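Next comes my_file_15.csv, a file with CSV, C-alpha atoms.
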```csv
chain,number,residue,atom,x,y,z
A,315,MET,CA,100.8,48.3,17.6
A,316,ILE,CA,102.3,47.0,20.8
A,317,VAL,CA,101.3,50.2,22.5
A,318,VAL,CA,97.7,49.8,21.3
A,319,GLU,CA,97.6,46.3,22.5
A,320,VAL,CA,98.8,47.2,25.9
A,321,ILE,CA,96.3,50.0,26.2
A,322,ALA,CA,93.4,47.9,25.1
A,323,GLN,CA,94.2,44.9,27.3
A,324,ALA,CA,94.7,47.3,30.2
A,325,LEU,CA,91.2,48.7,29.7
A,326,LEU,CA,89.8,45.2,29.4
A,327,GLY,CA,91.7,44.0,32.4
A,328,GLY,CA,90.4,47.0,34.5
A,329,GLY,CA,86.9,46.1,33.5
A,330,ALA,CA,87.4,42.5,34.4
A,331,LEU,CA,88.8,43.4,37.8
A,332,LEU,CA,85.9,45.6,38.6
A,333,ALA,CA,83.5,42.8,37.5
A,334,LEU,CA,85.4,40.4,39.8
A,335,VAL,CA,84.9,42.9,42.6
A,336,ARG,CA,81.2,42.9,42.1
A,337,LEU,CA,81.3,39.1,41.8
A,338,ALA,CA,82.9,38.9,45.2
A,339,LEU,CA,80.8,41.7,46.9
A,340,GLY,CA,77.5,41.2,45.1
A,341,PRO,CA,74.8,40.9,47.8
A,342,SER,CA,72.5,38.6,45.9
A,343,LEU,CA,72.8,35.7,43.5
A,344,LEU,CA,71.5,37.8,40.6
A,345,ASP,CA,74.2,40.5,41.1
A,346,ARG,CA,76.7,37.7,40.7
A,347,VAL,CA,75.0,36.4,37.6
A,348,VAL,CA,75.1,39.8,36.0
A,349,ALA,CA,78.8,40.2,37.0
A,350,THR,CA,79.6,36.7,35.5
A,351,ASP,CA,77.9,37.6,32.3
A,352,THR,CA,79.8,40.8,32.0
A,353,LEU,CA,83.0,39.0,32.8
A,354,LEU,CA,82.5,36.5,30.1
A,355,VAL,CA,81.8,39.3,27.6
A,356,ILE,CA,85.0,41.0,28.6
A,357,ILE,CA,86.9,37.8,28.2
A,358,SER,CA,85.5,37.3,24.7
A,359,ALA,CA,86.3,40.9,23.8
A,360,SER,CA,89.8,40.4,25.1
A,361,LEU,CA,90.3,37.3,22.9
A,362,ALA,CA,88.9,39.2,19.9
A,363,VAL,CA,91.3,42.1,20.6
A,364,HIS,CA,94.2,39.7,20.8
A,365,ALA,CA,93.1,38.0,17.5
A,366,GLY,CA,92.6,41.3,15.7
A,367,LEU,CA,95.9,43.0,16.8
A,368,ARG,CA,98.1,40.0,16.3
A,369,ARG,CA,96.3,38.9,13.1
A,370,ASP,CA,95.9,35.5,14.7
A,371,PRO,CA,92.6,33.7,13.8
A,372,THR,CA,93.2,30.7,16.0
A,373,VAL,CA,91.1,31.9,18.9
A,374,VAL,CA,88.1,33.0,16.9
A,375,PRO,CA,86.1,29.7,17.4
A,376,VAL,CA,86.6,30.1,21.1
A,377,LEU,CA,84.6,33.3,20.9
A,378,VAL,CA,81.5,31.4,19.6
A,379,VAL,CA,81.8,28.8,22.4
A,380,VAL,CA,82.2,31.5,25.1
A,381,SER,CA,79.2,33.5,24.0
A,382,LEU,CA,77.1,30.4,23.8
A,383,LEU,CA,78.2,29.4,27.3
A,384,ALA,CA,77.4,32.8,28.7
A,385,PHE,CA,73.9,32.7,27.5
A,386,VAL,CA,73.2,29.1,28.7
A,387,GLY,CA,74.7,29.8,32.1
A,388,THR,CA,72.7,33.0,32.6
A,389,VAL,CA,69.4,31.6,31.6
A,390,SER,CA,69.8,28.4,33.7
A,391,ILE,CA,70.7,30.4,36.8
A,392,ALA,CA,67.8,32.8,36.2
A,393,ARG,CA,65.4,29.8,35.9
A,394,TYR,CA,66.9,28.2,39.0
A,395,VAL,CA,66.3,31.3,41.0
A,396,GLY,CA,62.8,31.7,39.5
A,397,GLY,CA,62.0,28.1,40.6
A,398,MET,CA,62.5,29.3,44.2
A,399,LEU,CA,59.5,31.5,43.9
A,400,LEU,CA,56.5,30.0,45.6
A,401,GLN,CA,53.5,32.2,45.0
A,402,SER,CA,52.9,35.9,45.0
A,403,THR,CA,50.0,37.0,47.1
A,404,THR,CA,51.1,40.5,48.2
A,405,GLY,CA,49.3,42.2,45.3
A,406,ASP,CA,52.2,44.3,44.2
A,407,GLY,CA,54.0,41.8,42.0
A,408,THR,CA,56.5,40.5,44.5
A,409,ASP,CA,56.2,37.3,46.4
A,410,VAL,CA,56.0,36.2,50.0
A,411,GLY,CA,56.7,33.1,52.0
A,412,LEU,CA,60.4,33.0,51.0
A,413,PRO,CA,63.7,32.9,52.8
A,414,PRO,CA,64.8,36.4,53.4
A,415,ALA,CA,66.6,38.0,50.5
A,416,ALA,CA,70.2,38.9,50.8
A,417,GLU,CA,69.5,42.7,51.0
A,418,THR,CA,67.1,42.2,53.9
A,419,ARG,CA,69.6,40.1,55.7
A,420,ALA,CA,72.3,42.7,55.1
A,421,GLU,CA,70.0,45.4,56.3
A,422,ARG,CA,69.2,43.5,59.4
A,423,ALA,CA,72.9,42.9,60.1
A,424,ALA,CA,73.6,46.6,59.7
A,425,ARG,CA,70.8,47.5,62.1
A,426,ARG,CA,72.2,45.3,64.8
M,1077,MET,CA,100.0,50.6,11.4
M,1078,SER,CA,99.5,50.9,7.7
M,1079,GLY,CA,96.8,53.1,6.2
M,1080,PRO,CA,93.5,54.4,7.3
M,1081,VAL,CA,91.9,50.9,7.4
M,1082,ASP,CA,94.1,49.9,10.4
M,1083,VAL,CA,93.3,53.2,12.1
M,1084,VAL,CA,89.6,52.4,11.9
M,1085,ALA,CA,90.1,48.9,13.2
M,1086,VAL,CA,92.2,50.0,16.1
M,1087,THR,CA,89.7,52.7,16.9
M,1088,CYS,CA,86.9,50.2,17.0
M,1089,LEU,CA,89.0,47.8,19.2
M,1090,LEU,CA,89.9,50.6,21.7
M,1091,ALA,CA,86.3,51.9,21.9
M,1092,GLY,CA,85.1,48.4,22.7
M,1093,ALA,CA,87.8,48.0,25.3
M,1094,PHE,CA,86.8,51.3,26.8
M,1095,LEU,CA,83.2,50.2,27.0
M,1096,CYS,CA,84.2,47.1,28.9
M,1097,LEU,CA,86.0,49.3,31.5
M,1098,THR,CA,82.9,51.5,31.9
M,1099,ALA,CA,80.8,48.4,32.4
M,1100,GLY,CA,83.1,47.4,35.2
M,1101,VAL,CA,82.8,50.8,36.8
M,1102,GLY,CA,79.1,50.8,36.5
M,1103,LEU,CA,78.9,47.3,38.0
M,1104,VAL,CA,80.7,48.4,41.1
M,1105,ARG,CA,79.1,51.7,41.6
M,1106,PHE,CA,75.4,51.2,40.8
M,1107,PRO,CA,72.9,50.5,43.5
M,1108,ASP,CA,70.7,47.5,42.5
M,1109,VAL,CA,70.4,44.6,40.1
M,1110,LEU,CA,68.5,46.4,37.4
M,1111,SER,CA,70.9,49.4,37.1
M,1112,ARG,CA,73.9,47.0,37.3
M,1113,MET,CA,72.4,45.1,34.5
M,1114,HIS,CA,72.0,48.4,32.6
M,1115,ALA,CA,75.7,49.0,33.0
M,1116,GLY,CA,76.7,45.5,32.3
M,1117,THR,CA,74.9,45.2,29.0
M,1118,LYS,CA,76.7,48.1,27.3
M,1119,PRO,CA,79.7,46.0,26.3
M,1120,GLN,CA,77.4,43.0,25.8
M,1121,VAL,CA,76.0,44.6,22.6
M,1122,LEU,CA,77.8,47.7,21.5
M,1123,GLY,CA,81.2,46.7,22.8
M,1124,VAL,CA,81.1,43.3,21.3
M,1125,LEU,CA,79.9,44.7,18.0
M,1126,LEU,CA,82.7,47.2,17.9
M,1127,VAL,CA,85.4,44.6,18.8
M,1128,MET,CA,84.0,42.2,16.2
M,1129,VAL,CA,84.1,44.9,13.5
M,1130,GLY,CA,87.6,45.8,14.4
M,1131,GLY,CA,88.7,42.1,14.4
M,1132,ALA,CA,87.0,41.4,11.2
M,1133,ILE,CA,88.8,44.4,9.6
M,1134,ARG,CA,92.1,43.2,10.8
M,1135,LEU,CA,91.8,39.5,10.2
M,1136,HIS,CA,92.4,38.0,6.7
M,1137,GLY,CA,90.1,35.4,5.3
M,1138,TRP,CA,86.4,35.0,5.1
M,1139,SER,CA,86.1,32.2,7.7
M,1140,ALA,CA,87.2,34.4,10.6
M,1141,THR,CA,84.8,37.1,9.4
M,1142,TRP,CA,81.8,34.9,9.2
M,1143,MET,CA,82.6,33.5,12.7
M,1144,LEU,CA,82.9,37.0,14.2
M,1145,LEU,CA,79.6,37.9,12.5
M,1146,LEU,CA,78.0,34.8,14.0
M,1147,VAL,CA,79.2,35.8,17.5
M,1148,ALA,CA,77.8,39.4,17.0
M,1149,ALA,CA,74.4,38.1,15.8
M,1150,PHE,CA,74.3,35.6,18.6
M,1151,GLN,CA,74.9,38.4,21.2
M,1152,LEU,CA,72.2,40.5,19.6
M,1153,LEU,CA,69.7,37.6,19.9
M,1154,THR,CA,70.6,36.4,23.4
M,1155,ALA,CA,71.2,39.6,25.3
M,1156,PRO,CA,67.5,40.6,25.5
M,1157,VAL,CA,66.4,37.1,26.5
M,1158,SER,CA,68.8,36.8,29.4
M,1159,ALA,CA,68.2,40.4,30.5
M,1160,HIS,CA,64.5,39.8,30.5
M,1161,MET,CA,64.8,36.7,32.6
M,1162,ILE,CA,67.2,38.2,35.1
M,1163,SER,CA,65.1,41.4,35.5
M,1164,ARG,CA,61.9,39.5,36.0
M,1165,VAL,CA,63.3,37.3,38.7
M,1166,ALA,CA,65.0,40.3,40.3
M,1167,TYR,CA,61.7,42.2,40.5
M,1168,ARG,CA,59.9,39.3,42.1
M,1169,ARG,CA,62.8,38.6,44.5
M,1170,ARG,CA,62.7,42.2,45.7
M,1171,HIS,CA,66.2,43.0,44.5
M,1172,VAL,CA,65.0,46.3,43.1
M,1173,ARG,CA,65.4,49.6,44.9
M,1174,ARG,CA,61.8,50.7,44.7
M,1175,ASP,CA,62.5,54.1,46.1
M,1176,LEU,CA,64.7,54.9,43.1
M,1177,LEU,CA,62.1,53.9,40.5
M,1178,LEU,CA,60.3,56.7,38.7
M,1179,VAL,CA,57.8,54.5,37.0
M,1180,ASP,CA,56.8,51.1,38.5
M,1181,GLU,CA,54.1,49.6,36.2
M,1182,LEU,CA,54.2,46.2,38.0
M,1183,ARG,CA,53.4,47.6,41.4
M,1184,GLY,CA,49.6,47.8,41.0
M,1185,SER,CA,49.2,44.5,39.2
M,1186,GLU,CA,47.5,41.6,40.8
M,1187,GLY,CA,50.6,39.5,41.2
M,1188,ARG,CA,48.7,36.3,40.6
M,1189,ASP,CA,51.5,34.4,38.8
M,1190,SER,CA,52.9,31.4,40.5
M,1191,VAL,CA,55.0,28.4,39.8
M,1192,TYR,CA,52.1,26.2,38.9
M,1193,GLN,CA,50.5,28.5,36.4
M,1194,GLY,CA,50.4,27.6,32.7
M,1195,ASP,CA,52.1,24.3,32.2
M,1196,GLU,CA,51.3,22.4,35.3
M,1197,PRO,CA,51.1,18.6,35.0
M,1198,ALA,CA,47.7,16.9,35.3
M,1199,ASP,CA,48.5,15.5,38.8
M,1200,ALA,CA,49.9,18.7,40.2
M,1201,PRO,CA,48.8,19.6,43.7
M,1202,PRO,CA,46.1,22.3,43.9
M,1203,GLU,CA,47.4,25.7,44.7
M,1204,HIS,CA,45.0,26.2,47.6
M,1205,PRO,CA,44.3,22.7,49.0
M,1206,ALA,CA,41.9,23.8,51.7
M,1207,GLN,CA,39.9,26.0,49.3
M,1208,THR,CA,39.8,23.2,46.7
M,1209,LEU,CA,38.5,20.7,49.3
M,1210,LEU,CA,35.8,23.2,50.4
M,1211,ASP,CA,34.8,23.8,46.8
M,1212,SER,CA,34.5,20.1,46.0
M,1213,ARG,CA,32.5,19.4,49.2
M,1214,ARG,CA,30.1,22.3,48.4
M,1215,ASP,CA,29.7,20.9,44.8
M,1216,ASP,CA,28.9,17.5,46.2
M,1217,TRP,CA,26.4,19.0,48.6
M,1218,GLU,CA,24.6,21.0,46.0
M,1219,GLU,CA,24.5,18.0,43.7
M,1220,ARG,CA,22.9,15.9,46.4
M,1221,LYS,CA,20.4,18.6,47.2
M,1222,ALA,CA,19.5,19.1,43.5
M,1223,GLN,CA,18.8,15.3,43.1
M,1224,PRO,CA,17.1,13.9,46.2
M,1225,SER,CA,17.1,10.1,45.9
```

Now, as a test, write the supplied structure out as structure tokens.
Amino acid sequence: MIVVEVIAQALLGGGALLALVRLALGPSLLDRVVATDTLLVIISASLAVHAGLRRDPTVVPVLVVVSLLAFVGTVSIARYVGGMLLQSTTGDGTDVGLPPAAETRAERAARR
Amino acid sequence: MSGPVDVVAVTCLLAGAFLCLTAGVGLVRFPDVLSRMHAGTKPQVLGVLLVMVGGAIRLHGWSATWMLLLVAAFQLLTAPVSAHMISRVAYRRRHVRRDLLLVDELRGSEGRDSVYQGDEPADAPPEHPAQTLLDSRRDDWEERKAQPS
């Protein structure tokens, strides 16, 4: 059982580390939101693995709180970024008149 | 480990943990927001379901089982909502690699949606102030022309 726990937590820790890499690199705010969401899911999965393998039901209410918080955070940041939209007049579903997006800034920096 | 029940539970837990690792790899390697979200939502639904099933098998007592079931149901309800909101904003903010899309059904649309559409307050500023001013002056002019005093 110890071996199983070590293997499972190693897999979960690798996933969490890669999500942290994307959280640090992520060119735009939405990439970071997606990475944060995944990170919270991995944390709750890790807590559930701990609870299941140790037969320890103490951390189970924490799972409910973590999943609630993940949803609320994601939706609020998505609404915040959506509030930055002014008006779309390009005719292809995107919008104009905004500060340059992170990708365009990175592209410009790479061209220089 | 005792019996086949524990083997099933441990298999579920390990599969969920493996899905979390694949989500991390996909997050790092995929090119844009939509495909990263595609990779990130794999553990969000299937991984969490597998881990919850494994935990519910291993844990004794109904209270823990119901709470794990609540978490799983909540994930199933909220994952589509958050994914929809993020992908909509990502498309409008041009965080989508359009050259990688096979089908882009939003490209030809009018794109008329704006912040003020739908639930604007009664005293919201007009979306096109100059056009609104011109329209109101033309209405006044036509009204005066129709009723000469």

Between atom CA of A:Val373 and atom CA of M:Leu1090, distance in Å (one decimal): 18.9 Å

Contacts of A:Ala330 within 12 Å, only C-alpha atoms, excl. fewer than 6 positions in-chain, as a ChimeraX atom specification: /A:323-324,336-337,349-360 /M:1093-1104,1116,1119

Restrict the selected residues to C-alpha atoms and save them as a short mmCIF file (atom, residue, chain, number, x, y, z; two decimals), keeping the file's coordinate frame.
```cif
data_model
loop_
_atom_site.label_atom_id
_atom_site.label_comp_id
_atom_site.auth_asym_id
_atom_site.auth_seq_id
_atom_site.Cartn_x
_atom_site.Cartn_y
_atom_site.Cartn_z
CA GLN A 323 94.20 44.90 27.30
CA ALA A 324 94.70 47.30 30.20
CA ARG A 336 81.20 42.90 42.10
CA LEU A 337 81.30 39.10 41.80
CA ALA A 349 78.80 40.20 37.00
CA THR A 350 79.60 36.70 35.50
CA ASP A 351 77.90 37.60 32.30
CA THR A 352 79.80 40.80 32.00
CA LEU A 353 83.00 39.00 32.80
CA LEU A 354 82.50 36.50 30.10
CA VAL A 355 81.80 39.30 27.60
CA ILE A 356 85.00 41.00 28.60
CA ILE A 357 86.90 37.80 28.20
CA SER A 358 85.50 37.30 24.70
CA ALA A 359 86.30 40.90 23.80
CA SER A 360 89.80 40.40 25.10
CA ALA M 1093 87.80 48.00 25.30
CA PHE M 1094 86.80 51.30 26.80
CA LEU M 1095 83.20 50.20 27.00
CA CYS M 1096 84.20 47.10 28.90
CA LEU M 1097 86.00 49.30 31.50
CA THR M 1098 82.90 51.50 31.90
CA ALA M 1099 80.80 48.40 32.40
CA GLY M 1100 83.10 47.40 35.20
CA VAL M 1101 82.80 50.80 36.80
CA GLY M 1102 79.10 50.80 36.50
CA LEU M 1103 78.90 47.30 38.00
CA VAL M 1104 80.70 48.40 41.10
CA GLY M 1116 76.70 45.50 32.30
CA PRO M 1119 79.70 46.00 26.30
#
```

Of the listed residues M:Cys1088, M:Asp1108, M:Tyr1167, M:Gly1079, that which approaches A:Pro341 most closely, counting only C-alpha atoms: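 Nearest candidate to A:Pro341 out of M:Cys1088, M:Asp1108, M:Tyr1167, M:Gly1079: M:Asp1108.
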
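Counting only C-alpha atoms, the residue from A:Ile321, A:Leu344, A:Met315, A:Arg393 that sits nearest to M:Arg1170 is A:Leu344.
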
Given only C-alpha atoms as the counted atoms, nearest of M:Ala1166, M:Ile1133, M:His1171, M:Leu1125 to M:Leu1146: M:Leu1125

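Take the candidates M:Glu1219, M:Glu1181, M:Asp1211, M:Asp1175 and check each one against chain A using all atoms listed in the file; the shortest distance goes to M:Glu1181.
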
Shell of 10 Å around A:Pro371, only C-alpha atoms, local chain residues under 3 positions omitted, as an mmCIF file with C-alpha atoms, keeping the file's coordinate frame:
```cif
data_model
loop_
_atom_site.group_PDB
_atom_site.id
_atom_site.type_symbol
_atom_site.label_atom_id
_atom_site.label_comp_id
_atom_site.auth_asym_id
_atom_site.auth_seq_id
_atom_site.Cartn_x
_atom_site.Cartn_y
_atom_site.Cartn_z
ATOM 1 C CA ALA A 362 88.900 39.200 19.900
ATOM 2 C CA HIS A 364 94.200 39.700 20.800
ATOM 3 C CA ALA A 365 93.100 38.000 17.500
ATOM 4 C CA GLY A 366 92.600 41.300 15.700
ATOM 5 C CA ARG A 368 98.100 40.000 16.300
ATOM 6 C CA VAL A 374 88.100 33.000 16.900
ATOM 7 C CA PRO A 375 86.100 29.700 17.400
ATOM 8 C CA GLY M 1131 88.700 42.100 14.400
ATOM 9 C CA ALA M 1132 87.000 41.400 11.200
ATOM 10 C CA ARG M 1134 92.100 43.200 10.800
ATOM 11 C CA LEU M 1135 91.800 39.500 10.200
ATOM 12 C CA HIS M 1136 92.400 38.000 6.700
ATOM 13 C CA GLY M 1137 90.100 35.400 5.300
ATOM 14 C CA SER M 1139 86.100 32.200 7.700
ATOM 15 C CA ALA M 1140 87.200 34.400 10.600
ATOM 16 C CA THR M 1141 84.800 37.100 9.400
#
```

Interatomic distance (Å, one decimal) between atom CA of M:Val1127 and atom CA of M:Leu1089: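 Result for atom CA of M:Val1127 versus atom CA of M:Leu1089: 4.8 Å, one decimal.
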
Point-to-point distance from atom CA of M:Arg1164 to atom CA of A:Val395, Å rounded to tenths: 10.6 Å
